[in-house]
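Trainee: So I've got this file, coords_12.cif, and it contains mmCIF, C-alpha atoms:
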```cif
data_target
loop_
_atom_site.label_atom_id
_atom_site.label_comp_id
_atom_site.auth_asym_id
_atom_site.auth_seq_id
_atom_site.Cartn_x
_atom_site.Cartn_y
_atom_site.Cartn_z
CA MET A 1 90.32 118.75 122.23
CA ASN A 2 87.68 119.55 124.83
CA ASP A 3 86.50 123.06 125.73
CA GLN A 4 88.49 123.21 128.96
CA GLU A 5 91.73 122.34 127.26
CA LEU A 6 91.07 124.73 124.41
CA LEU A 7 90.46 127.52 126.90
CA ARG A 8 93.69 126.76 128.74
CA LEU A 9 95.74 126.64 125.55
CA MET A 10 94.30 129.91 124.26
CA ASN A 11 94.92 131.69 127.57
CA ASP A 12 98.42 130.25 127.93
CA ARG A 13 99.38 131.29 124.42
CA LEU A 14 98.18 134.84 125.01
CA GLU A 15 100.07 134.83 128.32
CA GLY A 16 103.14 133.71 126.37
CA VAL A 17 103.71 130.53 128.35
CA LEU A 18 102.66 127.89 125.83
CA THR A 19 105.28 125.34 124.71
CA PRO A 20 106.04 125.18 120.94
CA GLU A 21 104.36 121.77 120.72
CA GLU A 22 101.19 122.93 122.40
CA SER A 23 101.18 126.07 120.28
CA GLU A 24 101.38 124.00 117.13
CA ARG A 25 98.53 121.85 118.37
CA LEU A 26 96.40 124.91 119.09
CA SER A 27 97.13 126.38 115.64
CA ARG A 28 95.99 123.20 113.96
CA PHE A 29 92.80 123.16 115.95
CA LEU A 30 92.05 126.83 115.27
CA GLN A 31 92.42 126.24 111.53
CA SER A 32 89.80 123.54 111.76
CA SER A 33 87.22 125.51 113.77
CA GLU A 34 85.81 128.92 112.90
CA LYS A 35 84.05 129.11 116.26
CA ALA A 36 87.33 128.54 118.09
CA GLN A 37 89.02 131.15 115.88
CA ALA A 38 86.38 133.74 116.77
CA GLU A 39 86.74 132.89 120.45
CA TYR A 40 90.53 133.21 120.25
CA GLN A 41 90.24 136.57 118.50
CA LYS A 42 87.86 137.84 121.16
CA LEU A 43 90.21 136.72 123.91
CA GLY A 44 93.11 138.40 122.15
CA GLN A 45 91.22 141.68 122.17
CA VAL A 46 90.74 141.37 125.94
CA PHE A 47 94.47 140.87 126.48
CA SER A 48 95.30 143.72 124.14
CA ALA A 49 92.89 146.15 125.79
CA LEU A 50 94.03 145.25 129.31
CA ARG A 51 97.67 145.57 128.28
CA ARG A 52 97.02 149.05 126.94
CA ALA A 53 94.94 150.21 129.91
CA PRO A 54 96.84 153.05 131.59
CA LEU A 55 97.77 152.95 135.26
CA GLU A 56 96.56 155.99 137.17
CA ASP A 57 98.79 158.08 139.38
CA PRO A 58 97.75 158.05 143.03
CA PRO A 59 96.82 161.41 144.61
CA ALA A 60 99.93 163.41 145.45
CA ASN A 61 99.02 163.77 149.14
CA LEU A 62 98.33 160.09 149.79
CA LYS A 63 101.68 159.37 151.44
CA GLN A 64 101.53 162.60 153.47
CA ASN A 65 98.03 161.75 154.71
CA VAL A 66 99.09 158.29 155.83
CA LEU A 67 102.24 159.48 157.60
CA ARG A 68 100.36 162.33 159.27
CA GLU A 69 97.71 159.93 160.53
CA ILE A 70 100.40 157.60 161.85
CA ARG A 71 102.04 160.48 163.70
CA LEU A 72 98.67 161.52 165.14
CA ARG A 73 97.93 158.04 166.38
CA SER A 74 101.39 157.66 167.84
CA ALA A 75 100.90 160.90 169.74
CA ALA A 76 97.44 159.96 171.02
CA PRO A 77 97.26 159.35 174.75
CA PRO A 78 97.11 155.73 175.86
CA ALA A 79 93.82 154.19 176.92
CA ARG A 80 92.34 155.46 180.17
CA GLU A 81 92.73 152.18 182.01
CA GLY A 82 96.40 152.24 181.06
CA TRP A 83 97.50 155.55 182.52
CA LEU A 84 95.14 155.33 185.46
CA GLY A 85 96.53 151.92 186.26
CA THR A 86 100.06 153.29 185.96
CA ILE A 87 99.36 156.11 188.41
CA VAL A 88 97.55 153.85 190.85
CA SER A 89 100.38 151.34 190.77
CA ALA A 90 102.93 154.13 191.17
CA PHE A 91 101.10 155.30 194.30
CA ARG A 92 101.11 151.80 195.62
CA VAL A 93 104.80 151.29 195.03
CA ARG A 94 106.02 154.75 196.02
CA PRO A 95 103.60 156.60 198.35
CA GLY A 96 105.92 159.63 198.27
CA LEU A 97 104.86 160.26 194.68
CA ARG A 98 101.42 161.32 195.91
CA TYR A 99 102.76 164.75 196.85
CA ALA A 100 104.44 165.19 193.47
CA TYR A 101 101.29 164.17 191.60
CA SER A 102 99.12 166.43 193.77
CA PHE A 103 101.39 169.38 193.03
CA ALA A 104 101.47 168.62 189.28
CA ALA A 105 97.70 168.17 189.14
CA GLY A 106 97.15 171.49 190.94
CA ALA A 107 99.50 173.28 188.55
CA ALA A 108 97.78 171.72 185.52
CA LEU A 109 94.35 172.75 186.78
CA GLY A 110 95.60 176.30 187.31
CA VAL A 111 96.96 176.50 183.75
CA LEU A 112 93.72 175.04 182.36
CA ALA A 113 91.58 177.50 184.31
CA PHE A 114 93.71 180.40 183.07
CA ALA A 115 93.42 179.15 179.48
CA VAL A 116 89.64 178.87 179.71
CA ILE A 117 89.31 182.35 181.24
CA SER A 118 91.62 183.93 178.66
CA GLY A 119 90.06 182.06 175.76
CA ASN A 120 93.33 180.51 174.62
CA VAL A 121 91.89 177.04 174.67
CA MET A 122 89.98 177.81 171.48
CA ASN A 123 91.14 176.85 168.07
CA ARG A 124 94.16 178.53 166.56
CA PRO A 125 94.33 179.41 162.90
CA GLY A 126 96.15 177.00 160.65
CA ILE A 127 96.13 173.24 160.38
CA ASP A 128 95.54 171.62 163.73
CA LEU A 129 94.72 167.99 163.82
CA SER A 130 95.62 167.40 167.44
CA PRO A 131 92.98 165.55 169.39
CA VAL A 132 90.97 167.91 171.58
CA THR A 133 88.92 166.38 174.33
CA GLY A 134 85.83 167.79 175.97
CA THR A 135 82.11 167.34 175.91
CA MET A 136 81.01 170.62 174.37
CA MET A 137 82.65 172.08 171.35
CA ALA A 138 82.15 175.74 170.69
CA PRO A 139 83.13 177.48 167.48
CA SER A 140 86.04 179.92 167.45
CA GLU A 141 86.02 182.66 170.04
CA GLY A 142 85.31 186.15 168.74
CA VAL A 143 83.72 184.94 165.50
CA THR A 144 79.97 185.24 165.05
CA TYR A 145 78.50 182.33 163.17
CA GLN A 146 75.09 182.15 161.62
CA ARG A 147 73.42 178.78 161.34
CA ILE A 148 72.74 177.89 157.71
CA ALA A 149 71.37 174.38 157.81
CA SER A 150 71.04 171.34 159.99
CA ARG A 151 70.18 167.73 159.31
CA ASP A 152 69.44 164.77 161.54
CA PHE A 153 70.05 161.22 160.42
CA LYS A 154 68.40 158.51 162.48
CA LEU A 155 70.15 155.18 162.18
CA ARG A 156 68.86 151.82 163.33
CA GLU A 157 71.49 152.01 166.01
CA GLY A 158 72.39 155.58 166.70
CA HIS A 159 71.94 159.06 165.51
CA ILE A 160 73.99 161.57 163.56
CA SER A 161 73.37 165.27 163.32
CA ALA A 162 75.12 167.78 161.15
CA GLU A 163 74.94 171.52 160.83
CA THR A 164 76.65 174.27 158.91
CA LEU A 165 77.42 177.68 160.37
CA LEU A 166 78.72 180.59 158.38
CA ALA A 167 80.92 183.50 159.44
CA LYS A 168 82.36 186.06 157.04
CA ASP A 169 84.67 183.89 154.98
CA GLN A 170 84.56 180.81 157.12
CA LEU A 171 82.23 177.89 157.14
CA LEU A 172 81.99 175.56 160.07
CA ALA A 173 80.55 172.08 159.81
CA ARG A 174 79.65 170.49 163.13
CA LEU A 175 79.04 166.75 163.28
CA THR A 176 77.66 165.00 166.33
CA LEU A 177 77.99 161.27 165.98
CA GLU A 178 76.59 158.41 167.95
CA ALA A 179 76.87 155.33 165.78
CA PRO A 180 78.13 151.77 166.09
CA PRO A 181 81.82 151.03 165.53
CA GLY A 182 82.51 150.36 161.87
CA THR A 183 80.25 153.16 160.69
CA ASP A 184 81.83 155.46 158.12
CA VAL A 185 80.79 159.08 158.03
CA ILE A 186 82.04 161.01 155.03
CA LEU A 187 81.59 164.75 154.71
CA GLU A 188 82.40 166.04 151.24
CA PHE A 189 82.87 169.66 150.24
CA ASP A 190 83.75 171.40 147.00
CA PRO A 191 87.54 171.96 147.21
CA ALA A 192 87.28 174.77 144.67
CA ALA A 193 84.92 176.64 146.99
CA TRP A 194 86.32 175.70 150.40
CA GLY A 195 89.69 174.80 151.87
CA ALA A 196 89.97 172.95 155.16
CA ILE A 197 91.89 174.88 157.78
CA ALA A 198 91.33 172.84 160.93
CA VAL A 199 89.52 169.90 162.45
CA ARG A 200 88.75 169.62 166.13
CA GLN A 201 87.38 166.57 167.81
CA ALA A 202 85.77 165.92 171.14
CA THR A 203 86.68 162.49 172.40
CA ALA A 204 89.47 160.94 170.38
CA GLY A 205 89.48 157.31 169.36
CA ASN A 206 87.89 157.22 165.92
CA GLU A 207 89.76 156.96 162.63
CA VAL A 208 89.79 160.43 161.06
CA MET A 209 91.17 161.44 157.70
CA LEU A 210 91.14 164.83 156.08
CA GLY A 211 91.73 164.94 152.36
CA SER A 212 91.08 167.37 149.56
CA GLY A 213 87.34 167.93 149.60
CA ARG A 214 86.58 165.29 152.19
CA LEU A 215 86.59 164.51 155.90
CA SER A 216 86.23 160.80 156.64
CA ILE A 217 85.49 159.41 160.06
CA ARG A 218 85.34 155.72 160.83
CA MET A 219 83.69 155.09 164.17
CA GLN A 220 85.77 152.90 166.41
CA ARG A 221 84.41 153.76 169.82
CA LEU A 222 81.03 153.72 171.49
CA GLY A 223 79.38 156.85 172.79
CA GLN A 224 79.08 160.33 171.39
CA SER A 225 81.81 162.07 169.42
CA GLN A 226 81.81 165.51 167.95
CA TYR A 227 83.81 167.07 165.13
CA LEU A 228 84.23 170.62 163.98
CA LEU A 229 85.53 171.14 160.48
CA TYR A 230 86.67 174.69 159.73
CA LEU A 231 86.60 175.68 156.08
CA ALA A 232 87.93 178.90 154.57
CA ARG A 233 86.36 180.31 151.44
CA ARG A 234 88.45 179.84 148.31
CA GLY A 235 85.93 180.81 145.68
CA PRO A 236 82.21 181.24 145.07
CA ALA A 237 80.12 178.74 146.98
CA GLY A 238 79.72 175.61 144.93
CA SER A 239 77.65 172.57 145.61
CA PRO A 240 76.25 171.88 149.10
CA LEU A 241 78.20 169.74 151.53
CA ARG A 242 77.38 166.07 151.11
CA ILE A 243 77.19 163.57 153.92
CA ARG A 244 77.34 159.85 153.39
CA ILE A 245 76.90 157.46 156.26
CA HIS A 246 77.67 153.77 155.86
CA SER A 247 76.82 151.83 158.98
CA PRO A 248 77.26 148.04 159.06
CA ASP A 249 73.63 147.53 158.02
CA GLU A 250 72.44 150.66 156.25
CA THR A 251 73.54 153.55 154.07
CA VAL A 252 72.08 157.04 154.18
CA HIS A 253 73.15 160.28 152.62
CA GLY A 254 72.10 163.89 152.36
CA GLY A 255 73.20 167.44 151.64
CA LEU A 256 73.77 170.57 153.70
CA MET A 257 73.55 174.09 152.37
CA THR A 258 76.58 176.33 152.67
CA GLU A 259 74.84 179.62 151.90
CA LEU A 260 71.63 181.24 153.02
CA PRO A 261 69.15 181.35 150.19
CA GLY A 262 68.29 184.72 148.66
CA PRO A 263 69.74 188.16 149.43
CA ALA A 264 70.85 187.15 152.92
CA ALA A 265 73.51 185.01 151.32
CA ARG A 266 75.28 188.07 150.02
CA ARG A 267 75.48 189.85 153.34
CA MET B 1 111.50 144.33 156.81
CA ARG B 2 113.27 147.25 158.42
CA CYS B 3 109.80 148.43 159.49
CA LEU B 4 109.39 145.32 161.60
CA ASP B 5 112.68 146.14 163.27
CA GLY B 6 111.36 149.55 164.31
CA ASP B 7 112.66 151.73 161.46
CA GLY B 8 109.82 154.29 161.14
CA GLY B 9 111.26 155.94 158.01
CA ALA B 10 111.22 152.61 156.21
CA PHE B 11 107.42 152.69 156.20
CA GLY B 12 107.54 155.82 154.04
CA GLU B 13 109.66 153.86 151.56
CA LEU B 14 107.06 151.08 151.59
CA ILE B 15 104.37 153.61 150.76
CA ASP B 16 106.48 154.94 147.89
CA ARG B 17 106.94 151.44 146.58
CA TYR B 18 103.38 150.18 146.80
CA GLN B 19 101.06 153.19 146.66
CA ARG B 20 100.74 153.27 142.86
CA VAL B 21 99.88 149.63 142.40
CA LEU B 22 97.62 149.41 145.46
CA PHE B 23 95.81 152.57 144.44
CA ASN B 24 95.24 151.10 140.97
CA VAL B 25 94.04 147.79 142.39
CA SER B 26 91.47 149.53 144.58
CA LEU B 27 90.55 151.97 141.80
CA ARG B 28 89.80 149.09 139.42
CA MET B 29 87.87 147.30 142.13
CA VAL B 30 85.65 150.22 143.20
CA GLY B 31 85.79 152.50 140.13
CA ASN B 32 86.08 155.79 142.01
CA ARG B 33 89.30 157.75 142.65
CA GLU B 34 88.18 159.26 145.95
CA ASP B 35 87.12 155.92 147.35
CA ALA B 36 90.27 154.28 146.01
CA ARG B 37 92.36 156.91 147.78
CA ASP B 38 90.55 156.30 151.07
CA ILE B 39 90.93 152.56 150.70
CA THR B 40 94.65 152.83 149.92
CA GLN B 41 95.20 155.09 152.93
CA THR B 42 93.29 152.69 155.15
CA VAL B 43 95.34 149.78 153.82
CA PHE B 44 98.63 151.46 154.75
CA LEU B 45 97.32 152.42 158.18
CA LYS B 46 96.12 148.88 158.84
CA ALA B 47 99.41 147.50 157.59
CA TYR B 48 101.31 149.85 159.90
CA GLU B 49 99.16 149.05 162.91
CA ASN B 50 99.46 145.32 162.33
CA LEU B 51 103.14 145.12 161.43
CA GLY B 52 103.74 143.52 164.79
CA SER B 53 101.41 140.64 164.00
CA PHE B 54 102.80 140.16 160.49
CA ASP B 55 104.22 136.69 160.01
CA ARG B 56 107.72 137.13 158.56
CA LYS B 57 107.43 133.78 156.84
CA HIS B 58 104.88 135.29 154.49
CA ARG B 59 105.57 137.83 151.81
CA PHE B 60 104.74 141.41 152.71
CA PHE B 61 103.20 142.23 149.37
CA SER B 62 100.77 139.29 149.54
CA TRP B 63 99.63 140.59 152.86
CA VAL B 64 99.02 144.19 151.71
CA TYR B 65 97.32 143.03 148.53
CA ARG B 66 94.99 140.89 150.63
CA ILE B 67 94.16 143.87 152.84
CA THR B 68 93.52 145.97 149.72
CA ILE B 69 91.20 143.40 148.18
CA ASN B 70 89.34 142.93 151.46
CA GLU B 71 88.94 146.67 152.01
CA SER B 72 87.70 147.06 148.43
CA LEU B 73 85.20 144.24 148.85
CA ASN B 74 84.00 145.74 152.14
CA HIS B 75 83.53 149.05 150.38
CA LEU B 76 81.58 147.42 147.55
CA GLY B 77 79.43 145.62 150.11
CA ARG B 78 78.65 148.83 151.95
CA ASN B 79 77.75 150.65 148.73
CA ARG B 80 75.76 147.95 147.01
CA ARG B 81 72.52 149.81 147.64
CA LEU B 82 73.79 153.10 146.27
CA GLU B 83 73.34 154.18 142.71
CA PRO B 84 76.63 154.48 140.82
CA LEU B 85 78.09 157.91 141.47
CA ASP B 86 78.08 160.09 138.43
CA GLU B 87 81.48 161.51 139.25
CA SER B 88 83.16 158.12 139.51
CA LEU B 89 85.02 158.30 136.25
CA PRO B 90 84.03 161.50 134.51
CA SER B 91 84.33 161.71 130.76
CA ARG B 92 86.91 164.37 130.18
CA GLU B 93 87.07 166.70 127.30
CA CYS B 94 89.45 165.09 124.89
CA GLY B 95 92.70 166.75 123.94
CA PRO B 96 95.07 165.06 121.55
CA ASP B 97 93.72 161.91 119.89
CA GLU B 98 96.09 159.62 121.76
CA GLU B 99 95.07 161.08 125.11
CA CYS B 100 91.42 160.80 124.14
CA ASP B 101 91.87 157.14 123.21
CA ARG B 102 93.51 156.45 126.57
CA HIS B 103 90.61 157.98 128.47
CA GLN B 104 88.05 156.15 126.37
CA LEU B 105 89.88 152.87 126.81
CA ARG B 106 90.18 153.39 130.55
CA ASP B 107 86.51 154.27 130.92
CA SER B 108 85.35 151.38 128.73
CA ILE B 109 87.47 148.90 130.65
CA GLN B 110 86.20 150.25 133.95
CA ALA B 111 82.61 149.99 132.76
CA ALA B 112 83.17 146.37 131.75
CA LEU B 113 84.99 145.55 135.01
CA SER B 114 82.12 147.01 137.00
CA GLU B 115 79.79 144.52 135.40
CA LEU B 116 81.90 141.58 136.58
CA SER B 117 81.17 140.04 139.95
CA PRO B 118 83.81 140.89 142.60
CA ASP B 119 85.30 137.36 142.41
CA TYR B 120 86.00 137.72 138.71
CA ARG B 121 86.96 141.38 138.94
CA GLN B 122 89.64 140.75 141.53
CA VAL B 123 91.44 138.10 139.48
CA ILE B 124 91.52 140.37 136.42
CA VAL B 125 92.80 143.27 138.52
CA LEU B 126 95.49 141.26 140.28
CA ARG B 127 96.70 139.58 137.09
CA HIS B 128 96.53 142.44 134.61
CA PHE B 129 96.96 145.57 136.74
CA ALA B 130 99.15 144.27 139.57
CA GLN B 131 100.94 141.73 137.34
CA LEU B 132 100.81 138.98 139.96
CA SER B 133 101.56 135.37 139.02
CA TYR B 134 98.98 132.63 139.52
CA GLN B 135 100.91 131.46 142.56
CA GLU B 136 100.99 134.95 144.06
CA MET B 137 97.29 135.42 143.39
CA SER B 138 96.60 132.11 145.05
CA GLY B 139 98.44 133.42 148.14
CA VAL B 140 96.59 136.73 148.16
CA LEU B 141 93.13 135.30 147.58
CA GLU B 142 93.73 132.18 149.69
CA VAL B 143 92.29 129.87 147.04
CA PRO B 144 94.05 127.09 145.10
CA GLU B 145 95.96 128.05 141.96
CA LYS B 146 93.55 125.92 139.94
CA THR B 147 90.64 128.06 141.13
CA VAL B 148 92.55 131.23 140.26
CA LYS B 149 93.08 130.02 136.69
CA SER B 150 89.52 128.87 136.28
CA ARG B 151 88.14 132.21 137.52
CA LEU B 152 90.56 134.10 135.31
CA TYR B 153 89.59 132.19 132.18
CA THR B 154 85.90 132.76 132.85
CA ALA B 155 86.45 136.42 133.71
CA ARG B 156 88.31 137.00 130.43
CA GLN B 157 85.53 135.32 128.47
CA LEU B 158 82.96 137.52 130.17
CA LEU B 159 85.08 140.60 129.49
CA GLY B 160 85.35 139.56 125.86
CA ASP B 161 81.56 139.45 125.61
CA MET B 162 81.28 142.87 127.28
CA PHE B 163 83.98 144.41 125.11
CA SER B 164 82.03 143.23 122.06
CA LYS B 165 78.89 144.72 123.56
CA HIS B 166 80.60 148.04 124.40
CA GLY B 167 82.38 148.25 121.05
CA ILE B 168 85.96 147.90 122.25
CA ARG B 169 86.69 145.61 119.33
CA GLN B 170 88.60 148.22 117.36
CA LEU B 171 90.92 148.99 120.30
#
```
Would you write out, as structure tokens, the structure that this file holds?

Mentor:
Amino acid sequence: MNDQELLRLMNDRLEGVLTPEESERLSRFLQSSEKAQAEYQKLGQVFSALRRAPLEDPPANLKQNVLREIRLRSAAPPAREGWLGTIVSAFRVRPGLRYAYSFAAGAALGVLAFAVISGNVMNRPGIDLSPVTGTMMAPSEGVTYQRIASRDFKLREGHISAETLLAKDQLLARLTLEAPPGTDVILEFDPAAWGAIAVRQATAGNEVMLGSGRLSIRMQRLGQSQYLLYLARRGPAGSPLRIRIHSPDETVHGGLMTELPGPAARR
Amino acid sequence: MRCLDGDGGAFGELIDRYQRVLFNVSLRMVGNREDARDITQTVFLKAYENLGSFDRKHRFFSWVYRITINESLNHLGRNRRLEPLDESLPSRECGPDEECDRHQLRDSIQAALSELSPDYRQVIVLRHFAQLSYQEMSGVLEVPEKTVKSRLYTARQLLGDMFSKHGIRQL
């Protein structure tokens, strides 16, 4: 019996698929070779250990996260070329629609202007994962934030900056990303110290996931994107926020403080 | 296949059905619960987004397992320059003896799996944690059944050597 055949017979017997004849043949061979016996015993221990290895339960919110992300993506507006093309073609086909669109656009601008003046365009409390577009993202209106830390990460292609700002019981992490598609940016926080209450994004189009203790962003579009992660204090400040960036050709990581050092931290 | 016919709720049932095994496959591949969770979520999102391009002649589970393996390999590739994270599989304080044994066994197996190359690790994971047949593994990995068996035999031998080294003999 050559080594290959011996290996197959031993594996097949431990898998329980060996025929009685082959099993008998293997037994005879094992009786004649101490080395083969030791090998068979070792293989048996592998099967036994793997059989007894427990399966882990997936995180309880996994399904919720996936379905929420699917809903978000379904609700995302179609690509710019798409709706612009639709409007342009509608104008071409039915010139009368111009008046209706002009009226609707005027009304929308009026509502937007009112919202900006009254401050209602700012973030509301509670979970809000709706895409928010815009080029400049300000923290919540009426809340005074103090900058705690900032970090800049220069990539071969691109640049990522991160900062933490602290209000009374709220921490804000602001990420400004300009990195090639395929780059993963992961912001981790201590879930015992902070609970996520909202994420806002400027320029939708990237893959964003918010989990317990982590905000993950996978870049899928070119150009700059910005994210605001609002965290509410749950307990004493724990470890600093951690940022990991995995671009297609490099990996960098770093930390960001969540408290001012010294007595100022207690104010 | 109700998903393919536009039944949105059916996708939730698919998640219920596959999340445990896919999470365990990615966990055994990457060795970190947080990363395994992210990978599993990404797998379901990719599956959902690409349902339209799914070839009904092929089995759904082969397809999602392939996405899971590929995502895990991509993750390992991206993290190859990082030091192993200390929180990947923390040693817990042991409670009852049986519970303690389970944790030790799990951690020892994970340590041994992490020493295998991804090619060998994936065949062990698919065979012993996802319970796939040789034929199913051949479909998922897109290699001949003969190659699957050969890799599996070698991987088990290597694991045997590592188990001896890590003292898993008595388990």

Trainee: Could you state the separation of atom CA of A:Arg52 and atom CA of B:Arg106 in Å, given to one decimal place?

Mentor: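 Interatomic distance here is 8.9 Å.
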
Trainee: Should the cut-off be 6 Å, what would the residue list for chain A against chain B look like, counting all atoms listed in the file, as a list in words?

Mentor: Lys42, Leu43, Val46, Ala53, Pro58 and Val66 of chain A

Trainee: Enter the distance from atom CA of B:Ile67 to atom CA of A:Gly182, in Å, rounded to one decimal.

Mentor: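 Value for the atom CA of B:Ile67-atom CA of A:Gly182 distance: 16.1 Å.
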
Trainee: Could you state the separation of atom CA of A:His246 and atom CA of A:Thr183 in Å, given to one decimal place?

Mentor: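 These atoms are spaced 5.5 Å apart.
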
Trainee: When the PyMOL selection byres ((chain A and resi 219) around 8) is applied to the structure above, which residues does it catch, written out as a compact mmCIF listing (two decimals) with C-alpha atoms, in the coordinates of the input?

Mentor:
```txt
# COMPACT_ATOMS: atom_id res chain seq x y z
CA ALA A 179 76.87 155.33 165.78
CA PRO A 180 78.13 151.77 166.09
CA PRO A 181 81.82 151.03 165.53
CA GLY A 182 82.51 150.36 161.87
CA THR A 183 80.25 153.16 160.69
CA ASP A 184 81.83 155.46 158.12
CA VAL A 185 80.79 159.08 158.03
CA ASN A 206 87.89 157.22 165.92
CA GLU A 207 89.76 156.96 162.63
CA ILE A 217 85.49 159.41 160.06
CA ARG A 218 85.34 155.72 160.83
CA GLN A 220 85.77 152.90 166.41
CA ARG A 221 84.41 153.76 169.82
CA LEU A 222 81.03 153.72 171.49
```

Trainee: For B:Leu51, which of B:Val64, B:Val140, B:Leu113, B:Val123 is the closest residue, counting only C-alpha atoms?

Mentor: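 Of B:Val64, B:Val140, B:Leu113, B:Val123, the one nearest B:Leu51 is B:Val64, counting only C-alpha atoms.
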
Trainee: Here is a test: counting all atoms listed in the file, which residue of B:Arg66, B:Lys165, B:Arg121, B:Lys46 is nearest to B:Gly139?

Mentor: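 Closest to B:Gly139, using all atoms listed in the file: B:Arg66.
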
Trainee: Identify which of the residues A:Leu30, A:Leu155, A:Ala36, A:Ala49 lies closest to A:Glu250, counting all atoms listed in the file when measuring atom-to-atom distances.

Mentor: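 Checking each of A:Leu30, A:Leu155, A:Ala36, A:Ala49 against A:Glu250, counting all atoms listed in the file, the winner is A:Leu155.
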
Trainee: Name every residue that the PyMOL selection byres ((chain A and resi 258) around 9) selects in this structure, writing the answer as a CSV table (one decimal) with C-alpha atoms, in the coordinates of the input with chains first and numbers rising.

Mentor:
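To be explicit, this is the file written out as out-v4.csv:
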```csv
chain,number,residue,atom,x,y,z
A,148,ILE,CA,72.7,177.9,157.7
A,149,ALA,CA,71.4,174.4,157.8
A,164,THR,CA,76.6,174.3,158.9
A,165,LEU,CA,77.4,177.7,160.4
A,166,LEU,CA,78.7,180.6,158.4
A,171,LEU,CA,82.2,177.9,157.1
A,237,ALA,CA,80.1,178.7,147.0
A,238,GLY,CA,79.7,175.6,144.9
A,239,SER,CA,77.6,172.6,145.6
A,240,PRO,CA,76.2,171.9,149.1
A,241,LEU,CA,78.2,169.7,151.5
A,256,LEU,CA,73.8,170.6,153.7
A,257,MET,CA,73.6,174.1,152.4
A,259,GLU,CA,74.8,179.6,151.9
A,260,LEU,CA,71.6,181.2,153.0
```

Trainee: Please determine, counting only C-alpha atoms, which residue among B:Ser53, B:Ser72, B:Ser62, B:Ala155 has the shortest atom-to-atom distance to B:Glu142.

Mentor: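 Ranking B:Ser53, B:Ser72, B:Ser62, B:Ala155 by distance to B:Glu142, first place goes to B:Ser62.
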
Trainee: Which of these, A:Glu163, A:Arg234, A:Gly158, A:Leu175, has the shortest distance to A:Asp190 once you count all atoms listed in the file?

Mentor: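 Closest to A:Asp190 of all the choices is A:Arg234.
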
Trainee: If the PyMOL selection byres ((chain A and resi 223-231) around 8) is run on the structure shown, which residues does it catch, given as a compact mmCIF listing (two decimals) with C-alpha atoms, keeping the file's coordinate frame?

Mentor:
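Saved the output as part06.txt:
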```
# COMPACT_ATOMS: atom_id res chain seq x y z
CA MET A 137 82.65 172.08 171.35
CA PRO A 139 83.13 177.48 167.48
CA GLN A 170 84.56 180.81 157.12
CA LEU A 171 82.23 177.89 157.14
CA LEU A 172 81.99 175.56 160.07
CA ALA A 173 80.55 172.08 159.81
CA ARG A 174 79.65 170.49 163.13
CA LEU A 175 79.04 166.75 163.28
CA THR A 176 77.66 165.00 166.33
CA LEU A 177 77.99 161.27 165.98
CA GLU A 178 76.59 158.41 167.95
CA ALA A 179 76.87 155.33 165.78
CA TRP A 194 86.32 175.70 150.40
CA GLY A 195 89.69 174.80 151.87
CA ALA A 196 89.97 172.95 155.16
CA ILE A 197 91.89 174.88 157.78
CA ALA A 198 91.33 172.84 160.93
CA VAL A 199 89.52 169.90 162.45
CA ARG A 200 88.75 169.62 166.13
CA GLN A 201 87.38 166.57 167.81
CA ALA A 202 85.77 165.92 171.14
CA THR A 203 86.68 162.49 172.40
CA ALA A 204 89.47 160.94 170.38
CA ARG A 221 84.41 153.76 169.82
CA LEU A 222 81.03 153.72 171.49
CA ALA A 232 87.93 178.90 154.57
CA ARG A 233 86.36 180.31 151.44
```

Trainee: Nearest residue to B:Leu141 out of B:Pro118, B:Ile69, B:Asp101, B:Phe60, using only C-alpha atoms?

Mentor: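 Ranked by minimum distance to B:Leu141, first place goes to B:Ile69.
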
Trainee: Can you tell me, as a list in words, what residues are no more than 9 Å from B:Gln135 when counting only C-alpha atoms, ignoring any on the same chain fewer than 5 positions away?

Mentor: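 Once the nearby chain positions are removed, what remains is Val140, Pro144, Glu145 and Val148 of chain B.
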